[in-house]
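Peer 1: To start, I am sharing the structure in question, which I have written as structure tokens.
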Amino acid sequence: MTDKNPALAVVVKGWPRLSETFIAQELAALERSGRPFDIWSLRFPTDKKRHPLHDQISARIRYLPEYLHQEPLRVLRAWLTVRKFPGYRLAWKIWAKDFRRDKTRNRMRRFGQACVMAHELPAETQALYAHFLHTPSSVARYAAIMRGIPWSFSAHAKDIWTSPEWELREKLSAGPDGAAFGVTCTGFGAEYLQGLAADPANMELLYHGLDLDRFPKPPEREFASDGSFHMMSVGRLVEKKGFDRLLDALALLPSDLDWHWTHIGGGALNDQMQAHAERLNLNDRITWRGACDQPEVIAAMRAADLFVLPSRIAEDGDRDGLPNVLMEAASQLLPILSTPVSAIPEFIDSGTHGLLVKDDPAKLAAAMRSLAQDGAGRGAMAKAALARLQAEFGVQRGIDQLTTRLDGIIDGV
């Protein structure tokens with residue numbers, strides 16, 4: 001970290017977060033490319049662990065008031081100052097219009113955080129870049145309008161599919177209140193957002209990819225068709241990950257299959273999932289490891305025989321994009337079983353790079369049994385997935401694309 005204030009401010013919802021390695025990977029690569037920035041976080045960290053990757057990032061971290069009532073004087077001082085800024089009137093008008101359609105405390109908090117950010121941004125800041133198109137982009141948008149600087153965003157999954165269309169359209173609009181550009185990590189999401197954008201050319205596909213230099217070479221694997229069969233999953237215990245249906249599928253596996261399943265990740269449904277496993281009499285075959293850092297995840301992948309991610313669309317529309325854990329599994333030559341949801345087929349052609357089945361317990365169980373009995377097939381798909389990862393999903397291509405876009409708005413091109 002240097003004493004010089006950078007031209008770019010990156011807005012995130014929380015920092016650091018174990019479940020958002022794709023953001024940390026991108027920011028580390030941006031620093032390596034020579035683009036310095038400050039990180040502005042809307043929330044304080046809640047995870048007890050952190051990835052080694054977080055420690056590689058030298059950017060200064062600034063925390064906005066997580067709840068306005070916790071720092072009332074800071075919020076008041078900011079508001080008294082920014083209300084005199086030339087852009088404040090427009091920001092207030094836009095926020096008031098948003099609030100009439102979304103009368104929530106969260107919407108009020110966004111404006112207060114934006115006032116603080118606009119007040120405390122160094123004079124050298126020339127542009128904002130927000131990760132996630134919902135709350136972080138709202139804060140970045142209001143603050144950028146107050147300061148009269150451009151803002152941009154990276155969209156992912158929940159922020160696209162659970163945001164109201166009116167809000168997406170207005171953030172993607174032309175003019176002083178719309179984003180200068182946006183990127184998103186799946187072709188599926190890019191097509192949807194391009195259809196809402198005033199200028200589709202300002203909405204680009206940018207795969208996160210994987211920085212393979214951060215991972216060990218894949219282990220030598222035998223891909224046996226007999227003996228114990230160790231499956232694993234990595235993901236938060238939330239509805240869209242589909243682990244409830246995976247538990248139902250595990251209960252359908254035949255008694256002659258010697259299997260074990262390990263789950264890594266936290267999540268709001270932890271107690272509910274473990275209770276469901278107990279009702280199904282599965283707990284003696286399951287290891288619940290909770291949240292782990294990336295070296296622990298990779299070590300578990302190297303010891304497993306199959307990676308399972310039964311993603312599905314939640315009732316509120318939330319869904320995965322292209323989960324980085326699939327690429328991480330591929331990097332360790334770990335065969336993959338998943339579902340054809342959202343952008344997962346953009347990485348995995350079913351039957352070639354892994355197996356994709358509907359998130360139906362019977363179909364998941366049949367696929368697990370079939371893969372357990374077909375070591376040669378698992379090996380062929382794992383090797384194909386690794387080859388595709390190496391050829392098409394490296395991180396540098398996306399970083400070069402993003403750096404060009406950021407340089408453009410910072411330099412006024």
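All residue names refer to the structure tokens as shown: chains lettered A, B, ... in order, residues numbered from 1 in each chain, ligands numbered from 1 in order.
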Could you give me, as a list in words, the residues within 9 Å of A:Gly354, counting only C-alpha atoms and dropping anything in the same chain fewer than 3 positions from it?
Peer 2: Pro335, Ile336, Leu337, Ser338, Ile348, Asp349, Ser350, Gly351, Arg378, Ala380, Met381, Ala382, Ala384 and Ala385 of chain A
Peer 1: If you run DSSP on the backbone, which residues of stretch 15-210 of chain A are strand (DSSP E or B), as a PyMOL selection string?
Peer 2: chain A and resi 38-43+61-63+127-131+151-155+181-184+203-205+210
Peer 1: Have a look at atom CA of A:Asn106 and atom CA of A:Arg141 and let me know their distance in Å, one decimal.
Peer 2: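 So the answer is 15.0 Å.
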Peer 1: Between A:Pro340, A:Gly209, A:Gly377, A:Pro219, which is the closest to A:Glu328 once you count only C-alpha atoms?
Peer 2: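 Smallest distance to A:Glu328 is found for A:Gly209.
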Peer 1: Just to confirm, what's the straight-line distance from atom CA of A:Arg397 to atom CA of A:Ser173 in Å (one decimal)?
Peer 2: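 Here the two named atoms are 27.0 Å from each other.
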Peer 1: Which polymer residues have any atom within 9 Å of an atom of A:Trp79, counting only C-alpha atoms, with same-chain residues fewer than 5 positions away left out, as a PyMOL selection string?
Peer 2: chain A and resi 74+84+112+115-116+119
Peer 1: Can those selected residues be exported to a file as an mmCIF file, in the first residue's frame so that it contains N, CA and C atoms?
Peer 2:
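The resulting file, again29.cif, is reproduced below:
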data_model
loop_
_atom_site.group_PDB
_atom_site.id
_atom_site.type_symbol
_atom_site.label_atom_id
_atom_site.label_comp_id
_atom_site.auth_asym_id
_atom_site.auth_seq_id
_atom_site.Cartn_x
_atom_site.Cartn_y
_atom_site.Cartn_z
ATOM 1 N N ARG A 74 -20.987 10.719 12.055
ATOM 2 C CA ARG A 74 -20.279 10.567 10.776
ATOM 3 C C ARG A 74 -21.242 10.761 9.616
ATOM 4 N N LYS A 84 -24.193 20.224 -0.400
ATOM 5 C CA LYS A 84 -23.724 21.407 -1.123
ATOM 6 C C LYS A 84 -23.032 21.054 -2.431
ATOM 7 N N GLY A 112 -27.600 6.887 2.842
ATOM 8 C CA GLY A 112 -26.718 7.373 3.899
ATOM 9 C C GLY A 112 -25.282 6.936 3.682
ATOM 10 N N CYS A 115 -23.772 9.030 0.969
ATOM 11 C CA CYS A 115 -23.371 10.355 1.445
ATOM 12 C C CYS A 115 -22.006 10.302 2.124
ATOM 13 N N VAL A 116 -21.809 9.298 2.965
ATOM 14 C CA VAL A 116 -20.526 9.153 3.648
ATOM 15 C C VAL A 116 -19.413 8.903 2.639
ATOM 16 N N HIS A 119 -18.548 11.999 0.675
ATOM 17 C CA HIS A 119 -17.845 12.948 1.542
ATOM 18 C C HIS A 119 -16.393 12.546 1.769
#
Peer 1: For A:Arg147, which residue among A:Ala130, A:Ala330, A:Ile264, A:Leu121 is the nearest when counting only C-alpha atoms?
Peer 2: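 Result for the nearest residue to A:Arg147: A:Leu121.
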Peer 1: Quick one: residues within 12 Å of A:Ala190, only C-alpha atoms, excluding same-chain residues fewer than 5 positions away - as a ChimeraX atom specification?
Peer 2: /A:154-157,160-161,182-185,195-197,200-207,321,342-343
Peer 1: Produce a file of the selected residues containing N, CA and C atoms, as an mmCIF file, in the first residue's frame.
Peer 2:
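New file selection30.cif:
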data_model
loop_
_atom_site.group_PDB
_atom_site.id
_atom_site.type_symbol
_atom_site.label_atom_id
_atom_site.label_comp_id
_atom_site.auth_asym_id
_atom_site.auth_seq_id
_atom_site.Cartn_x
_atom_site.Cartn_y
_atom_site.Cartn_z
ATOM 1 N N SER A 154 -19.729 -4.828 -11.759
ATOM 2 C CA SER A 154 -19.626 -6.226 -12.152
ATOM 3 C C SER A 154 -20.826 -6.945 -11.549
ATOM 4 N N ALA A 155 -21.650 -7.561 -12.400
ATOM 5 C CA ALA A 155 -22.844 -8.278 -11.946
ATOM 6 C C ALA A 155 -22.555 -9.772 -11.906
ATOM 7 N N HIS A 156 -23.280 -10.499 -11.060
ATOM 8 C CA HIS A 156 -22.945 -11.898 -10.843
ATOM 9 C C HIS A 156 -24.164 -12.815 -10.956
ATOM 10 N N ALA A 157 -24.960 -12.951 -9.924
ATOM 11 C CA ALA A 157 -26.050 -13.930 -9.970
ATOM 12 C C ALA A 157 -27.288 -13.386 -9.252
ATOM 13 N N ILE A 160 -28.574 -10.016 -10.173
ATOM 14 C CA ILE A 160 -29.286 -9.903 -11.453
ATOM 15 C C ILE A 160 -30.713 -10.424 -11.326
ATOM 16 N N TRP A 161 -30.844 -11.617 -10.763
ATOM 17 C CA TRP A 161 -32.106 -12.342 -10.867
ATOM 18 C C TRP A 161 -33.114 -12.013 -9.783
ATOM 19 N N GLY A 182 -20.782 -2.027 -17.716
ATOM 20 C CA GLY A 182 -21.001 -3.138 -16.803
ATOM 21 C C GLY A 182 -20.400 -4.394 -17.392
ATOM 22 N N VAL A 183 -19.979 -5.279 -16.514
ATOM 23 C CA VAL A 183 -19.521 -6.602 -16.939
ATOM 24 C C VAL A 183 -20.262 -7.632 -16.107
ATOM 25 N N THR A 184 -20.386 -8.824 -16.641
ATOM 26 C CA THR A 184 -20.982 -9.910 -15.883
ATOM 27 C C THR A 184 -20.302 -11.209 -16.271
ATOM 28 N N CYS A 185 -20.357 -12.185 -15.385
ATOM 29 C CA CYS A 185 -19.486 -13.350 -15.469
ATOM 30 C C CYS A 185 -20.083 -14.532 -16.220
ATOM 31 N N GLY A 195 -30.210 -6.929 -22.990
ATOM 32 C CA GLY A 195 -31.578 -6.655 -23.423
ATOM 33 C C GLY A 195 -32.233 -5.529 -22.641
ATOM 34 N N LEU A 196 -31.694 -5.196 -21.479
ATOM 35 C CA LEU A 196 -32.237 -4.109 -20.661
ATOM 36 C C LEU A 196 -31.449 -2.812 -20.802
ATOM 37 N N ALA A 197 -30.249 -2.883 -21.377
ATOM 38 C CA ALA A 197 -29.344 -1.737 -21.413
ATOM 39 C C ALA A 197 -29.719 -0.757 -22.508
ATOM 40 N N PRO A 200 -26.376 -1.800 -25.524
ATOM 41 C CA PRO A 200 -25.887 -3.149 -25.220
ATOM 42 C C PRO A 200 -24.366 -3.276 -25.271
ATOM 43 N N ALA A 201 -23.694 -2.412 -26.022
ATOM 44 C CA ALA A 201 -22.238 -2.480 -26.122
ATOM 45 C C ALA A 201 -21.559 -2.148 -24.804
ATOM 46 N N ASN A 202 -22.275 -1.476 -23.914
ATOM 47 C CA ASN A 202 -21.706 -1.129 -22.606
ATOM 48 C C ASN A 202 -21.885 -2.229 -21.571
ATOM 49 N N MET A 203 -22.439 -3.373 -21.997
ATOM 50 C CA MET A 203 -22.637 -4.508 -21.087
ATOM 51 C C MET A 203 -21.899 -5.700 -21.673
ATOM 52 N N GLU A 204 -20.802 -6.104 -21.031
ATOM 53 C CA GLU A 204 -19.921 -7.115 -21.606
ATOM 54 C C GLU A 204 -19.880 -8.390 -20.774
ATOM 55 N N LEU A 205 -19.628 -9.497 -21.463
ATOM 56 C CA LEU A 205 -19.338 -10.767 -20.807
ATOM 57 C C LEU A 205 -17.878 -10.778 -20.386
ATOM 58 N N LEU A 206 -17.637 -11.094 -19.110
ATOM 59 C CA LEU A 206 -16.269 -11.186 -18.606
ATOM 60 C C LEU A 206 -16.222 -12.362 -17.628
ATOM 61 N N TYR A 207 -15.740 -13.493 -18.114
ATOM 62 C CA TYR A 207 -15.615 -14.648 -17.233
ATOM 63 C C TYR A 207 -14.564 -14.369 -16.159
ATOM 64 N N GLY A 321 -24.421 -18.307 -10.905
ATOM 65 C CA GLY A 321 -23.936 -17.906 -12.215
ATOM 66 C C GLY A 321 -23.111 -19.062 -12.768
ATOM 67 N N SER A 342 -28.522 -22.070 -15.233
ATOM 68 C CA SER A 342 -27.857 -20.807 -15.499
ATOM 69 C C SER A 342 -26.672 -21.009 -16.432
ATOM 70 N N ALA A 343 -25.465 -20.620 -15.998
ATOM 71 C CA ALA A 343 -24.301 -20.644 -16.890
ATOM 72 C C ALA A 343 -23.414 -21.866 -16.701
#
Peer 1: Calculate how many Å separate atom CA of A:Gly34 from atom CA of A:Leu53, rounding to one decimal.
Peer 2: 17.3 Å
Peer 1: With only C-alpha atoms as the basis for distance, which of A:Glu222, A:Asp177, A:Asp38, A:Asp98 is at the shortest distance from A:Glu124?
Peer 2: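 Going through A:Glu222, A:Asp177, A:Asp38, A:Asp98 one by one, the smallest distance to A:Glu124 is for A:Asp38.
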Peer 1: Stretch 306-318 of chain A: which residues within 8 Å, counting only C-alpha atoms, same-chain residues fewer than 6 positions away excluded, as an mmCIF file with N, CA and C atoms, in the first residue's frame?
Peer 2:
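As a result, around.cif now contains:
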data_model
loop_
_atom_site.group_PDB
_atom_site.id
_atom_site.type_symbol
_atom_site.label_atom_id
_atom_site.label_comp_id
_atom_site.auth_asym_id
_atom_site.auth_seq_id
_atom_site.Cartn_x
_atom_site.Cartn_y
_atom_site.Cartn_z
ATOM 1 N N ALA A 157 -24.960 -12.951 -9.924
ATOM 2 C CA ALA A 157 -26.050 -13.930 -9.970
ATOM 3 C C ALA A 157 -27.288 -13.386 -9.252
ATOM 4 N N LYS A 158 -27.285 -13.469 -7.923
ATOM 5 C CA LYS A 158 -28.449 -13.020 -7.156
ATOM 6 C C LYS A 158 -28.794 -11.576 -7.482
ATOM 7 N N TRP A 161 -30.844 -11.617 -10.763
ATOM 8 C CA TRP A 161 -32.106 -12.342 -10.867
ATOM 9 C C TRP A 161 -33.114 -12.013 -9.783
ATOM 10 N N THR A 162 -32.693 -11.305 -8.741
ATOM 11 C CA THR A 162 -33.666 -10.911 -7.713
ATOM 12 C C THR A 162 -33.896 -9.406 -7.674
ATOM 13 N N HIS A 230 -15.680 -41.372 -2.443
ATOM 14 C CA HIS A 230 -15.745 -40.166 -1.624
ATOM 15 C C HIS A 230 -16.198 -38.983 -2.473
ATOM 16 N N MET A 231 -17.361 -38.466 -2.169
ATOM 17 C CA MET A 231 -17.906 -37.292 -2.852
ATOM 18 C C MET A 231 -17.783 -36.067 -1.957
ATOM 19 N N MET A 232 -17.758 -34.889 -2.570
ATOM 20 C CA MET A 232 -17.687 -33.654 -1.778
ATOM 21 C C MET A 232 -18.411 -32.531 -2.505
ATOM 22 N N SER A 233 -18.782 -31.522 -1.735
ATOM 23 C CA SER A 233 -19.415 -30.321 -2.265
ATOM 24 C C SER A 233 -18.872 -29.118 -1.517
ATOM 25 N N VAL A 234 -18.835 -27.999 -2.197
ATOM 26 C CA VAL A 234 -18.461 -26.726 -1.584
ATOM 27 C C VAL A 234 -19.537 -25.721 -1.957
ATOM 28 N N GLY A 235 -20.124 -25.090 -0.970
ATOM 29 C CA GLY A 235 -21.151 -24.094 -1.255
ATOM 30 C C GLY A 235 -21.921 -23.740 -0.003
ATOM 31 N N GLU A 239 -30.846 -22.084 -0.379
ATOM 32 C CA GLU A 239 -31.774 -22.808 -1.242
ATOM 33 C C GLU A 239 -31.216 -23.067 -2.634
ATOM 34 N N LYS A 240 -30.590 -22.051 -3.253
ATOM 35 C CA LYS A 240 -30.191 -22.191 -4.646
ATOM 36 C C LYS A 240 -29.098 -23.224 -4.866
ATOM 37 N N LYS A 241 -28.399 -23.639 -3.817
ATOM 38 C CA LYS A 241 -27.344 -24.641 -3.969
ATOM 39 C C LYS A 241 -27.905 -26.067 -4.051
ATOM 40 N N GLY A 242 -29.151 -26.268 -3.614
ATOM 41 C CA GLY A 242 -29.820 -27.549 -3.816
ATOM 42 C C GLY A 242 -29.371 -28.689 -2.931
ATOM 43 N N PHE A 243 -28.745 -28.404 -1.797
ATOM 44 C CA PHE A 243 -28.217 -29.489 -0.980
ATOM 45 C C PHE A 243 -29.311 -30.309 -0.293
ATOM 46 N N ARG A 245 -31.937 -31.425 -1.816
ATOM 47 C CA ARG A 245 -32.246 -32.483 -2.774
ATOM 48 C C ARG A 245 -31.071 -33.458 -2.914
ATOM 49 N N LEU A 246 -29.878 -32.978 -2.712
ATOM 50 C CA LEU A 246 -28.739 -33.894 -2.724
ATOM 51 C C LEU A 246 -28.819 -34.869 -1.559
ATOM 52 N N ALA A 329 -12.492 -27.363 -8.904
ATOM 53 C CA ALA A 329 -12.510 -28.822 -8.951
ATOM 54 C C ALA A 329 -11.813 -29.318 -10.211
ATOM 55 N N LEU A 334 -10.675 -33.268 -10.601
ATOM 56 C CA LEU A 334 -11.755 -33.898 -9.847
ATOM 57 C C LEU A 334 -13.005 -33.942 -10.721
ATOM 58 N N PRO A 335 -13.540 -35.103 -11.032
ATOM 59 C CA PRO A 335 -14.747 -35.209 -11.861
ATOM 60 C C PRO A 335 -15.918 -34.437 -11.244
ATOM 61 N N ILE A 336 -16.797 -33.963 -12.111
ATOM 62 C CA ILE A 336 -17.860 -33.051 -11.696
ATOM 63 C C ILE A 336 -19.226 -33.600 -12.062
ATOM 64 N N LEU A 337 -20.151 -33.531 -11.088
ATOM 65 C CA LEU A 337 -21.580 -33.774 -11.303
ATOM 66 C C LEU A 337 -22.319 -32.519 -10.885
ATOM 67 N N SER A 338 -23.106 -31.942 -11.787
ATOM 68 C CA SER A 338 -23.839 -30.730 -11.453
ATOM 69 C C SER A 338 -25.156 -30.728 -12.211
ATOM 70 N N THR A 339 -25.758 -29.557 -12.344
ATOM 71 C CA THR A 339 -27.062 -29.412 -12.983
ATOM 72 C C THR A 339 -26.973 -28.384 -14.105
ATOM 73 N N VAL A 341 -28.108 -25.564 -14.818
ATOM 74 C CA VAL A 341 -28.735 -24.322 -14.369
ATOM 75 C C VAL A 341 -27.872 -23.129 -14.764
ATOM 76 N N ASP A 359 -32.069 -31.443 -11.154
ATOM 77 C CA ASP A 359 -31.904 -31.492 -9.691
ATOM 78 C C ASP A 359 -33.024 -32.308 -9.043
#
Peer 1: Given the choices A:Asp211, A:Asp271, A:Glu220, A:Glu66, which gets closest to A:Ala24 if the distance is worked out from only C-alpha atoms?
Peer 2: A:Asp211
Peer 1: Closest to A:Pro361 among A:Asp199, A:Asp213, A:Asp407, A:Asp244, using only C-alpha atoms?
Peer 2: A:Asp244
